[in-house]
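Shown below: work.cif, with mmCIF, C-alpha atoms and all ligand atoms.
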data_model
#
loop_
_atom_site.group_PDB
_atom_site.id
_atom_site.type_symbol
_atom_site.label_atom_id
_atom_site.label_comp_id
_atom_site.auth_asym_id
_atom_site.auth_seq_id
_atom_site.Cartn_x
_atom_site.Cartn_y
_atom_site.Cartn_z
ATOM 1 C CA MET A 12 -65.287 -53.041 135.843
ATOM 2 C CA ALA A 13 -69.063 -53.049 136.494
ATOM 3 C CA ASP A 14 -71.325 -51.750 133.716
ATOM 4 C CA SER A 15 -72.945 -48.375 134.464
ATOM 5 C CA PRO A 16 -76.734 -48.502 134.746
ATOM 6 C CA PRO A 17 -78.582 -47.421 131.582
ATOM 7 C CA VAL A 18 -79.721 -43.775 131.521
ATOM 8 C CA TYR A 19 -83.220 -43.275 130.110
ATOM 9 C CA PRO A 20 -84.312 -39.849 128.843
ATOM 10 C CA MET A 21 -87.066 -38.244 130.931
ATOM 11 C CA PRO A 22 -90.347 -37.915 129.034
ATOM 12 C CA SER A 23 -91.149 -34.373 128.021
ATOM 13 C CA THR A 24 -93.807 -32.457 129.929
ATOM 14 C CA VAL A 25 -94.875 -30.701 126.730
ATOM 15 C CA TYR A 26 -96.265 -32.266 123.563
ATOM 16 C CA GLY A 27 -97.473 -31.098 120.196
ATOM 17 C CA PRO A 28 -98.428 -28.589 119.036
ATOM 18 C CA VAL A 29 -101.407 -30.590 117.779
ATOM 19 C CA PRO A 30 -104.323 -29.184 115.778
ATOM 20 C CA SER A 31 -107.252 -28.661 118.157
ATOM 21 C CA TRP A 32 -110.814 -28.520 116.823
ATOM 22 C CA ARG A 33 -111.424 -25.601 119.154
ATOM 23 C CA PHE A 34 -108.436 -23.267 119.006
ATOM 24 C CA GLY A 35 -105.868 -23.852 116.263
ATOM 25 C CA ASN A 36 -102.450 -25.318 117.073
ATOM 26 C CA SER A 37 -102.401 -26.315 120.688
ATOM 27 C CA LEU A 38 -99.257 -27.016 122.683
ATOM 28 C CA GLY A 39 -100.036 -29.448 125.478
ATOM 29 C CA VAL A 40 -98.548 -29.068 128.948
ATOM 30 C CA ASP A 41 -98.589 -32.140 131.150
ATOM 31 C CA LEU A 42 -98.096 -31.387 134.846
ATOM 32 C CA ILE A 43 -98.366 -35.075 135.820
ATOM 33 C CA VAL A 44 -96.494 -37.149 133.178
ATOM 34 C CA GLU A 45 -95.432 -40.318 134.983
ATOM 35 C CA THR A 46 -98.773 -42.126 134.831
ATOM 36 C CA SER A 47 -102.450 -41.270 134.346
ATOM 37 C CA THR A 48 -103.795 -39.511 137.454
ATOM 38 C CA CYS A 49 -107.229 -37.985 137.787
ATOM 39 C CA SER A 50 -110.112 -37.403 140.212
ATOM 40 C CA PHE A 51 -112.385 -38.859 137.504
ATOM 41 C CA ASN A 52 -112.166 -42.094 135.559
ATOM 42 C CA CYS A 53 -114.484 -41.237 132.655
ATOM 43 C CA ILE A 54 -115.672 -44.211 130.649
ATOM 44 C CA TYR A 55 -114.513 -42.472 127.455
ATOM 45 C CA CYS A 56 -111.132 -41.154 128.643
ATOM 46 C CA GLN A 57 -108.537 -41.108 125.880
ATOM 47 C CA LEU A 58 -105.963 -42.148 128.506
ATOM 48 C CA GLY A 59 -107.850 -45.404 129.124
ATOM 49 C CA HIS A 60 -108.648 -46.606 132.652
ATOM 50 C CA ILE A 61 -107.087 -44.070 135.017
ATOM 51 C CA GLN A 62 -104.246 -45.650 136.955
ATOM 52 C CA ARG A 63 -104.314 -43.338 139.982
ATOM 53 C CA ILE A 64 -107.844 -42.171 140.796
ATOM 54 C CA THR A 65 -107.309 -39.499 143.422
ATOM 55 C CA ALA A 66 -108.271 -35.986 144.464
ATOM 56 C CA GLU A 67 -104.964 -35.477 146.263
ATOM 57 C CA GLN A 68 -103.270 -32.246 145.237
ATOM 58 C CA ARG A 69 -99.499 -32.080 145.276
ATOM 59 C CA LEU A 70 -96.436 -31.282 143.231
ATOM 60 C CA TYR A 71 -96.052 -33.937 140.536
ATOM 61 C CA VAL A 72 -93.305 -32.492 138.333
ATOM 62 C CA PRO A 73 -90.907 -29.746 139.469
ATOM 63 C CA THR A 74 -91.608 -26.434 137.752
ATOM 64 C CA ALA A 75 -87.957 -26.163 136.645
ATOM 65 C CA ARG A 76 -88.280 -29.360 134.589
ATOM 66 C CA ILE A 77 -91.412 -28.056 132.836
ATOM 67 C CA LEU A 78 -89.749 -24.710 132.134
ATOM 68 C CA ALA A 79 -86.726 -26.484 130.628
ATOM 69 C CA ASP A 80 -89.102 -28.362 128.275
ATOM 70 C CA LEU A 81 -90.923 -25.130 127.359
ATOM 71 C CA GLU A 82 -87.583 -23.531 126.425
ATOM 72 C CA LYS A 83 -87.198 -26.083 123.603
ATOM 73 C CA VAL A 84 -90.554 -25.277 121.957
ATOM 74 C CA ASP A 85 -90.822 -23.619 118.529
ATOM 75 C CA TRP A 86 -93.276 -20.947 119.650
ATOM 76 C CA SER A 87 -93.934 -19.695 116.116
ATOM 77 C CA LYS A 88 -96.143 -22.763 115.595
ATOM 78 C CA VAL A 89 -98.220 -22.379 118.777
ATOM 79 C CA ASP A 90 -101.626 -20.640 118.917
ATOM 80 C CA VAL A 91 -102.690 -21.715 122.387
ATOM 81 C CA VAL A 92 -101.195 -23.562 125.341
ATOM 82 C CA THR A 93 -103.516 -26.198 126.777
ATOM 83 C CA PHE A 94 -103.102 -27.664 130.262
ATOM 84 C CA SER A 95 -104.457 -31.185 130.153
ATOM 85 C CA GLY A 96 -102.003 -34.076 129.615
ATOM 86 C CA SER A 97 -101.934 -37.256 131.671
ATOM 87 C CA GLY A 98 -104.832 -36.380 133.957
ATOM 88 C CA GLU A 99 -106.460 -33.560 135.902
ATOM 89 C CA PRO A 100 -104.171 -30.502 135.780
ATOM 90 C CA THR A 101 -105.533 -28.843 138.945
ATOM 91 C CA LEU A 102 -104.186 -31.761 140.972
ATOM 92 C CA ALA A 103 -100.760 -30.192 140.392
ATOM 93 C CA THR A 104 -100.101 -27.400 142.874
ATOM 94 C CA ASN A 105 -97.605 -25.626 140.597
ATOM 95 C CA ILE A 106 -100.113 -24.994 137.784
ATOM 96 C CA ASP A 107 -100.176 -21.267 138.616
ATOM 97 C CA GLU A 108 -96.386 -20.951 138.328
ATOM 98 C CA VAL A 109 -96.350 -22.589 134.909
ATOM 99 C CA ILE A 110 -99.301 -20.523 133.639
ATOM 100 C CA ALA A 111 -97.480 -17.367 134.765
ATOM 101 C CA VAL A 112 -94.328 -18.300 132.835
ATOM 102 C CA VAL A 113 -96.260 -19.122 129.648
ATOM 103 C CA LYS A 114 -98.072 -15.787 129.850
ATOM 104 C CA ASP A 115 -95.078 -13.655 130.818
ATOM 105 C CA SER A 116 -92.344 -15.241 128.698
ATOM 106 C CA TRP A 117 -94.216 -16.343 125.571
ATOM 107 C CA ARG A 118 -97.399 -14.304 125.686
ATOM 108 C CA LYS A 119 -99.619 -17.127 124.462
ATOM 109 C CA PRO A 120 -103.230 -17.690 125.483
ATOM 110 C CA VAL A 121 -103.686 -20.412 128.071
ATOM 111 C CA MET A 122 -106.582 -22.842 128.256
ATOM 112 C CA VAL A 123 -107.041 -25.197 131.211
ATOM 113 C CA LEU A 124 -109.164 -28.305 130.642
ATOM 114 C CA THR A 125 -110.437 -29.328 134.062
ATOM 115 C CA ASN A 126 -113.026 -31.703 135.479
ATOM 116 C CA ALA A 127 -113.851 -28.963 138.033
ATOM 117 C CA THR A 128 -113.806 -31.401 140.956
ATOM 118 C CA LEU A 129 -111.431 -29.146 142.915
ATOM 119 C CA LEU A 130 -112.920 -25.758 142.086
ATOM 120 C CA HIS A 131 -114.871 -25.704 145.348
ATOM 121 C CA ASP A 132 -111.459 -24.940 146.874
ATOM 122 C CA ALA A 133 -110.618 -21.228 146.783
ATOM 123 C CA ALA A 134 -106.839 -21.817 146.542
ATOM 124 C CA THR A 135 -107.342 -23.970 143.436
ATOM 125 C CA ARG A 136 -109.511 -21.307 141.813
ATOM 126 C CA ARG A 137 -106.865 -18.666 142.521
ATOM 127 C CA ARG A 138 -104.221 -20.774 140.776
ATOM 128 C CA LEU A 139 -106.260 -20.558 137.563
ATOM 129 C CA TRP A 140 -106.724 -16.807 137.727
ATOM 130 C CA ARG A 141 -104.371 -15.931 134.876
ATOM 131 C CA ALA A 142 -105.721 -18.545 132.445
ATOM 132 C CA ASP A 143 -107.496 -17.090 129.412
ATOM 133 C CA THR A 144 -110.030 -19.914 129.360
ATOM 134 C CA VAL A 145 -111.006 -22.446 131.978
ATOM 135 C CA ALA A 146 -113.039 -25.225 130.338
ATOM 136 C CA CYS A 147 -114.958 -27.234 132.949
ATOM 137 C CA LYS A 148 -116.254 -30.699 132.213
ATOM 138 C CA LEU A 149 -119.997 -30.992 132.757
ATOM 139 C CA ASP A 150 -121.510 -34.012 131.026
ATOM 140 C CA THR A 151 -124.782 -34.610 132.811
ATOM 141 C CA PRO A 152 -127.330 -33.019 135.161
ATOM 142 C CA ASP A 153 -127.923 -36.397 136.888
ATOM 143 C CA GLU A 154 -125.958 -37.572 139.921
ATOM 144 C CA ASP A 155 -126.576 -41.201 139.049
ATOM 145 C CA ILE A 156 -125.232 -40.864 135.491
ATOM 146 C CA PHE A 157 -122.379 -38.691 136.774
ATOM 147 C CA GLN A 158 -121.266 -41.511 139.074
ATOM 148 C CA ARG A 159 -121.466 -44.107 136.267
ATOM 149 C CA TYR A 160 -120.114 -41.928 133.438
ATOM 150 C CA ASN A 161 -117.380 -39.862 135.087
ATOM 151 C CA ARG A 162 -116.701 -42.422 137.858
ATOM 152 C CA PRO A 163 -115.218 -39.875 140.301
ATOM 153 C CA ALA A 164 -112.899 -40.506 143.240
ATOM 154 C CA GLU A 165 -114.740 -41.358 146.441
ATOM 155 C CA GLY A 166 -116.782 -38.558 147.956
ATOM 156 C CA ILE A 167 -116.997 -36.374 144.818
ATOM 157 C CA THR A 168 -120.530 -35.451 143.826
ATOM 158 C CA LEU A 169 -122.016 -33.619 140.877
ATOM 159 C CA GLU A 170 -123.355 -31.001 143.272
ATOM 160 C CA ARG A 171 -119.825 -30.246 144.472
ATOM 161 C CA VAL A 172 -118.606 -29.937 140.872
ATOM 162 C CA VAL A 173 -121.384 -27.518 139.943
ATOM 163 C CA GLU A 174 -120.787 -25.499 143.125
ATOM 164 C CA GLY A 175 -117.127 -25.202 142.183
ATOM 165 C CA ILE A 176 -117.914 -23.907 138.690
ATOM 166 C CA ARG A 177 -120.406 -21.414 140.117
ATOM 167 C CA ALA A 178 -117.793 -20.273 142.645
ATOM 168 C CA LEU A 179 -115.280 -19.530 139.865
ATOM 169 C CA LYS A 180 -117.882 -17.388 138.154
ATOM 170 C CA ALA A 181 -118.937 -15.724 141.431
ATOM 171 C CA ASP A 182 -115.288 -14.856 142.190
ATOM 172 C CA GLY A 183 -115.328 -12.754 139.020
ATOM 173 C CA PHE A 184 -112.834 -14.928 137.113
ATOM 174 C CA PRO A 185 -111.508 -12.517 134.450
ATOM 175 C CA GLY A 186 -110.987 -15.113 131.690
ATOM 176 C CA ARG A 187 -113.531 -17.043 129.662
ATOM 177 C CA LEU A 188 -115.518 -19.722 131.419
ATOM 178 C CA ALA A 189 -116.330 -22.668 129.158
ATOM 179 C CA LEU A 190 -118.263 -25.851 129.779
ATOM 180 C CA GLN A 191 -117.151 -28.983 127.931
ATOM 181 C CA CYS A 192 -119.835 -31.610 127.476
ATOM 182 C CA MET A 193 -119.052 -35.075 126.141
ATOM 183 C CA PHE A 194 -122.042 -36.921 124.710
ATOM 184 C CA MET A 195 -122.576 -40.630 124.370
ATOM 185 C CA PRO A 196 -125.870 -42.542 124.309
ATOM 186 C CA ILE A 197 -125.775 -42.818 128.141
ATOM 187 C CA ASN A 198 -126.208 -39.043 128.709
ATOM 188 C CA ARG A 199 -127.900 -38.011 125.437
ATOM 189 C CA ASP A 200 -131.380 -37.880 126.938
ATOM 190 C CA GLY A 201 -130.309 -35.418 129.630
ATOM 191 C CA ALA A 202 -129.415 -32.721 127.061
ATOM 192 C CA GLU A 203 -132.460 -30.568 127.785
ATOM 193 C CA ARG A 204 -131.799 -30.429 131.529
ATOM 194 C CA LEU A 205 -128.047 -30.082 130.983
ATOM 195 C CA ALA A 206 -128.795 -27.062 128.794
ATOM 196 C CA GLU A 207 -130.826 -25.531 131.641
ATOM 197 C CA LEU A 208 -128.122 -26.298 134.180
ATOM 198 C CA ALA A 209 -125.581 -24.622 131.899
ATOM 199 C CA ALA A 210 -127.860 -21.594 131.537
ATOM 200 C CA SER A 211 -128.062 -21.282 135.321
ATOM 201 C CA ILE A 212 -124.241 -21.123 135.419
ATOM 202 C CA GLY A 213 -123.923 -18.649 132.538
ATOM 203 C CA PRO A 214 -120.712 -19.740 130.732
ATOM 204 C CA ASP A 215 -119.093 -17.745 127.925
ATOM 205 C CA GLU A 216 -118.660 -20.872 125.820
ATOM 206 C CA ILE A 217 -120.019 -24.409 125.611
ATOM 207 C CA HIS A 218 -118.001 -27.102 123.823
ATOM 208 C CA LEU A 219 -119.968 -30.116 122.585
ATOM 209 C CA ASN A 220 -118.026 -33.258 121.947
ATOM 210 C CA THR A 221 -118.342 -36.993 121.451
ATOM 211 C CA PRO A 222 -115.485 -39.497 121.802
ATOM 212 C CA ARG A 223 -113.621 -39.507 118.520
ATOM 213 C CA ARG A 224 -111.027 -42.045 119.529
ATOM 214 C CA PRO A 225 -111.312 -45.618 120.738
ATOM 215 C CA TYR A 226 -110.697 -46.342 124.412
ATOM 216 C CA PRO A 227 -107.209 -47.793 125.018
ATOM 217 C CA ARG A 228 -107.150 -50.919 127.170
ATOM 218 C CA GLU A 229 -103.946 -49.709 128.840
ATOM 219 C CA TRP A 230 -102.342 -46.343 129.478
ATOM 220 C CA TYR A 231 -99.551 -45.200 127.209
ATOM 221 C CA ARG A 232 -98.077 -41.724 127.301
ATOM 222 C CA GLU A 233 -98.791 -40.699 123.690
ATOM 223 C CA SER A 234 -102.518 -41.022 124.370
ATOM 224 C CA ARG A 235 -102.395 -37.534 125.927
ATOM 225 C CA GLY A 236 -102.021 -35.897 122.474
ATOM 226 C CA ASN A 237 -103.949 -36.162 119.217
ATOM 227 C CA HIS A 238 -101.568 -38.790 117.907
ATOM 228 C CA THR A 239 -102.351 -40.248 114.497
ATOM 229 C CA GLU A 240 -100.162 -43.369 114.601
ATOM 230 C CA ALA A 241 -101.653 -46.733 115.518
ATOM 231 C CA ALA A 242 -101.912 -47.197 119.283
ATOM 232 C CA PRO A 243 -99.394 -49.675 120.742
ATOM 233 C CA VAL A 244 -102.170 -51.253 122.876
ATOM 234 C CA GLN A 245 -105.555 -52.827 122.203
ATOM 235 C CA GLU A 246 -108.432 -50.381 121.866
ATOM 236 C CA VAL A 247 -112.190 -50.596 122.341
ATOM 237 C CA GLN A 248 -114.621 -48.774 120.054
ATOM 238 C CA LEU A 249 -116.986 -46.497 121.981
ATOM 239 C CA LYS A 250 -120.622 -45.765 121.240
ATOM 240 C CA VAL A 251 -120.994 -42.248 119.901
ATOM 241 C CA ILE A 252 -124.049 -40.157 119.167
ATOM 242 C CA THR A 253 -125.211 -39.731 115.578
ATOM 243 C CA LEU A 254 -124.821 -36.568 113.548
ATOM 244 C CA GLU A 255 -128.588 -35.951 113.802
ATOM 245 C CA GLU A 256 -128.482 -36.323 117.574
ATOM 246 C CA ALA A 257 -125.488 -33.993 117.768
ATOM 247 C CA ARG A 258 -127.337 -31.351 115.738
ATOM 248 C CA GLU A 259 -130.417 -31.707 117.907
ATOM 249 C CA ILE A 260 -128.344 -31.344 121.097
ATOM 250 C CA GLU A 261 -126.573 -28.306 119.650
ATOM 251 C CA GLU A 262 -129.935 -26.639 119.000
ATOM 252 C CA ILE A 263 -131.175 -27.464 122.518
ATOM 253 C CA ILE A 264 -128.013 -26.027 124.078
ATOM 254 C CA LYS A 265 -128.099 -22.902 121.902
ATOM 255 C CA ARG A 266 -131.769 -22.231 122.627
ATOM 256 C CA ALA A 267 -131.216 -22.311 126.378
ATOM 257 C CA ASN A 268 -127.906 -20.401 126.227
ATOM 258 C CA PRO A 269 -128.347 -17.653 123.621
ATOM 259 C CA ASP A 270 -125.451 -15.586 124.975
ATOM 260 C CA ALA A 271 -122.905 -18.397 124.995
ATOM 261 C CA ARG A 272 -120.646 -19.277 122.076
ATOM 262 C CA VAL A 273 -121.469 -22.901 121.303
ATOM 263 C CA LEU A 274 -118.834 -25.000 119.533
ATOM 264 C CA SER A 275 -119.571 -28.520 118.373
ATOM 265 C CA VAL A 276 -116.980 -31.039 117.231
ATOM 266 C CA TYR A 277 -119.448 -32.081 114.516
ATOM 267 C CA THR A 278 -119.543 -28.587 113.078
ATOM 268 C CA GLU A 279 -115.950 -27.494 113.697
ATOM 269 C CA ALA A 280 -114.209 -30.767 112.804
ATOM 270 C CA PRO A 281 -116.748 -32.996 111.072
ATOM 271 C CA HIS A 282 -114.143 -35.545 109.912
HETATM 272 S S1 LIG S 1 -111.514 -35.895 133.517
HETATM 273 FE FE1 LIG S 1 -110.373 -36.018 131.613
HETATM 274 S S2 LIG S 1 -108.422 -37.010 132.166
HETATM 275 FE FE2 LIG S 1 -109.874 -37.370 133.844
HETATM 276 S S3 LIG S 1 -110.782 -39.348 133.387
HETATM 277 FE FE3 LIG S 1 -112.150 -37.791 132.524
HETATM 278 S S4 LIG S 1 -111.470 -37.527 130.405
HETATM 279 FE FE4 LIG S 1 -109.832 -38.604 131.500
#
structure tokens encoding of this file:
Amino acid sequence: MADSPPVYPMPSTVYGPVPSWRFGNSLGVDLIVETSTCSFNCIYCQLGHIQRITAEQRLYVPTARILADLEKVDWSKVDVVTFSGSGEPTLATNIDEVIAVVKDSWRKPVMVLTNATLLHDAATRRRLWRADTVACKLDTPDEDIFQRYNRPAEGITLERVVEGIRALKADGFPGRLALQCMFMPINRDGAERLAELAASIGPDEIHLNTPRRPYPREWYRESRGNHTEAAPVQEVQLKVITLEEAREIEEIIKRANPDARVLSVYTEAPH
């Protein structure tokens, strides 16, 4: 009799909860899972070099599979549900369905971490409507640095990203609009103009960050969470900004954006 083929368990579409420096215990939802997929390929990405660099939106994981994974969660330990995972969550066309279930069934706040490359599209913005916070990546005011730092899929420009964020605000998005800014030496000197760009958008929050983890040479699934075990692949140390530089940038951002809540990884999670 022939041996039956081995049956491998499907990886879960949820992970954590993991302590987040921004919002307590965060349960991660991964709408992509199978490999890293993003419309950016940031030089600091915790997933390593993105395997599928694309702006193509489609269904990656059936909603039913994600809901089955959510059913197994111990919700008493979850403060916030964060959509991030193995790439850009707005590439997944079922993000709205999953947000609706999290809100209706478990009544937890939802935060979407997005690179905002698809927010120029009205249908994508509508899918985020029920999120409590949409945190848009905005690292630089310079197109040239944007192309070298975020390394977007072909055709994506900084102007299009900023237009998309402005459109979400102009639509009257009812949740909180946050900007997430990752600083390394390459974009440090643009802080003043980034602060002005942010002020012209008018976010509710600005999150200042610097890469706290080395860059993995290869993708592995656990890199989507704040894992503490040693990585199973080689890693490269990244250049980060100093504490003094971080404080200076925080002051610059606060001065230009007095109405925004500014959170810095150096202040909230200094270690
Ligand atoms: S947008 Fe996020 S997931 Fe995509 S490459 Fe940049 S850091 Fe990685």
Checklist outcome for this item: Between atom CA of A:Glu261 and atom CA of A:Val29 lies a distance of 25.3 Å
Since I can't run it myself right now, could you work out what the PyMOL selection byres (((chain A and resi 85) around 12) and not hetatm) selects here and report it as a PDB file with C-alpha atoms, in the frame of the given file?
ATOM      1  CA  VAL A  25     -94.875 -30.701 126.730  1.00  0.00           C
ATOM      2  CA  TYR A  26     -96.265 -32.266 123.563  1.00  0.00           C
ATOM      3  CA  GLY A  27     -97.473 -31.098 120.196  1.00  0.00           C
ATOM      4  CA  PRO A  28     -98.428 -28.589 119.036  1.00  0.00           C
ATOM      5  CA  ASN A  36    -102.450 -25.318 117.073  1.00  0.00           C
ATOM      6  CA  LEU A  38     -99.257 -27.016 122.683  1.00  0.00           C
ATOM      7  CA  ASP A  80     -89.102 -28.362 128.275  1.00  0.00           C
ATOM      8  CA  LEU A  81     -90.923 -25.130 127.359  1.00  0.00           C
ATOM      9  CA  GLU A  82     -87.583 -23.531 126.425  1.00  0.00           C
ATOM     10  CA  LYS A  83     -87.198 -26.083 123.603  1.00  0.00           C
ATOM     11  CA  VAL A  84     -90.554 -25.277 121.957  1.00  0.00           C
ATOM     12  CA  TRP A  86     -93.276 -20.947 119.650  1.00  0.00           C
ATOM     13  CA  SER A  87     -93.934 -19.695 116.116  1.00  0.00           C
ATOM     14  CA  LYS A  88     -96.143 -22.763 115.595  1.00  0.00           C
ATOM     15  CA  VAL A  89     -98.220 -22.379 118.777  1.00  0.00           C
ATOM     16  CA  ASP A  90    -101.626 -20.640 118.917  1.00  0.00           C
ATOM     17  CA  TRP A 117     -94.216 -16.343 125.571  1.00  0.00           C
TER      18      TRP A 117
END
Item to check | Using all atoms listed in the file: which of A:Val92, A:Leu149, A:Val112, A:Ile77 has the shortest distance to ligand LIG 1 (chain S) | outcome: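 Of A:Val92, A:Leu149, A:Val112, A:Ile77, the one nearest ligand LIG 1 (chain S) is A:Leu149, counting all atoms listed in the file.
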Next on the checklist: I need the output of the PyMOL selection byres (((chain A and resi 234) around 9) and not hetatm) for this file as a ChimeraX atom specification; which residues are they?
Outcome noted: /A:57-59,96-97,227,230-233,235-238,242
Item to check | Using all atoms listed in the file: which of A:Ser95, A:Gln245, A:Thr144, A:Thr253 has the shortest distance to ligand LIG 1 (chain S) | outcome: A:Ser95
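Reported to one decimal place, the separation of atom CA of A:Cys147 from atom CA of A:Leu102 is 14.2 Å.
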Find the smallest box with edges along x, y and z containing every listed atom of ligand LIG 1 (chain S), then add 8 Å on each side and report centre and edge lengths in Å to one decimal, as JSON.
{"center_x": -110.3, "center_y": -37.6, "center_z": 132.1, "size_x": 19.7, "size_y": 19.5, "size_z": 19.4}
Item to check | Contacts of A:Met21 within 10 Å, only C-alpha atoms, excl. fewer than 6 positions in-chain, as a count of residues only | outcome: 3
Checklist entry - So which residues touch A:Val172 within 8 Å, counting only C-alpha atoms, skipping near sequence neighbours fewer than 4 positions away, as a list in words? => result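 Selected residues are Asn126, Ala127, Thr128, Leu129, Leu130, His131, Ile167, Thr168 and Ile176 of chain A.
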Pull the closest atom pair for each residue of chain A that gets at most 6 Å from ligand LIG 1 (chain S), along with the distance in Å to one decimal, counting all atoms listed in the file, ordering rows by chain and then ascending residue number, as a Markdown table.
| residue | atom | partner | partner_atom | distance |
| --- | --- | --- | --- | --- |
| A:Cys49 | CA | S:LIG1 | FE2 | 4.8 |
| A:Phe51 | CA | S:LIG1 | S3 | 4.4 |
| A:Asn52 | CA | S:LIG1 | S3 | 3.8 |
| A:Cys53 | CA | S:LIG1 | FE3 | 4.2 |
| A:Cys56 | CA | S:LIG1 | FE4 | 4.0 |
| A:Gly98 | CA | S:LIG1 | S2 | 4.1 |
| A:Glu99 | CA | S:LIG1 | S2 | 5.5 |
| A:Asn126 | CA | S:LIG1 | S1 | 4.9 |
Expected file: the selected residues, C-alpha atoms, as an mmCIF file, in the frame of the given file:
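As a result, selection_37.cif now contains:
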data_model
loop_
_atom_site.group_PDB
_atom_site.id
_atom_site.type_symbol
_atom_site.label_atom_id
_atom_site.label_comp_id
_atom_site.auth_asym_id
_atom_site.auth_seq_id
_atom_site.Cartn_x
_atom_site.Cartn_y
_atom_site.Cartn_z
ATOM 1 C CA CYS A 49 -107.229 -37.985 137.787
ATOM 2 C CA PHE A 51 -112.385 -38.859 137.504
ATOM 3 C CA ASN A 52 -112.166 -42.094 135.559
ATOM 4 C CA CYS A 53 -114.484 -41.237 132.655
ATOM 5 C CA CYS A 56 -111.132 -41.154 128.643
ATOM 6 C CA GLY A 98 -104.832 -36.380 133.957
ATOM 7 C CA GLU A 99 -106.460 -33.560 135.902
ATOM 8 C CA ASN A 126 -113.026 -31.703 135.479
#
Next on the checklist: Could you tell me how far atom CA of A:Arg136 sits from atom CA of A:Lys180, in Å to one decimal place?
Outcome noted: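 For atom CA of A:Lys180 relative to atom CA of A:Arg136, the distance reads 9.9 Å.
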Checklist entry - Of the candidates A:Ala181, A:Met122, A:Leu42, A:Val244, which shows the shortest atom-to-atom distance to A:Thr24, using all atoms listed in the file? => result A:Leu42
Next on the checklist: Under the PyMOL selection byres (((chain A and resi 164) around 8) and not hetatm), which residues of this model are included? Write them out as a list in words.
Outcome noted: Ser50, Phe51, Asn52, Ile64, Thr65, Ala66, Arg162, Pro163, Glu165, Gly166 and Ile167 of chain A
Next on the checklist: Env of stretch 211-225 of chain A: 6 Å cut, atoms = only C-alpha atoms, seq-sep filter 5 positions within chain, self excluded. Answer as a PyMOL selection string.
Outcome noted: chain A and resi 187-194+246-249+271-276
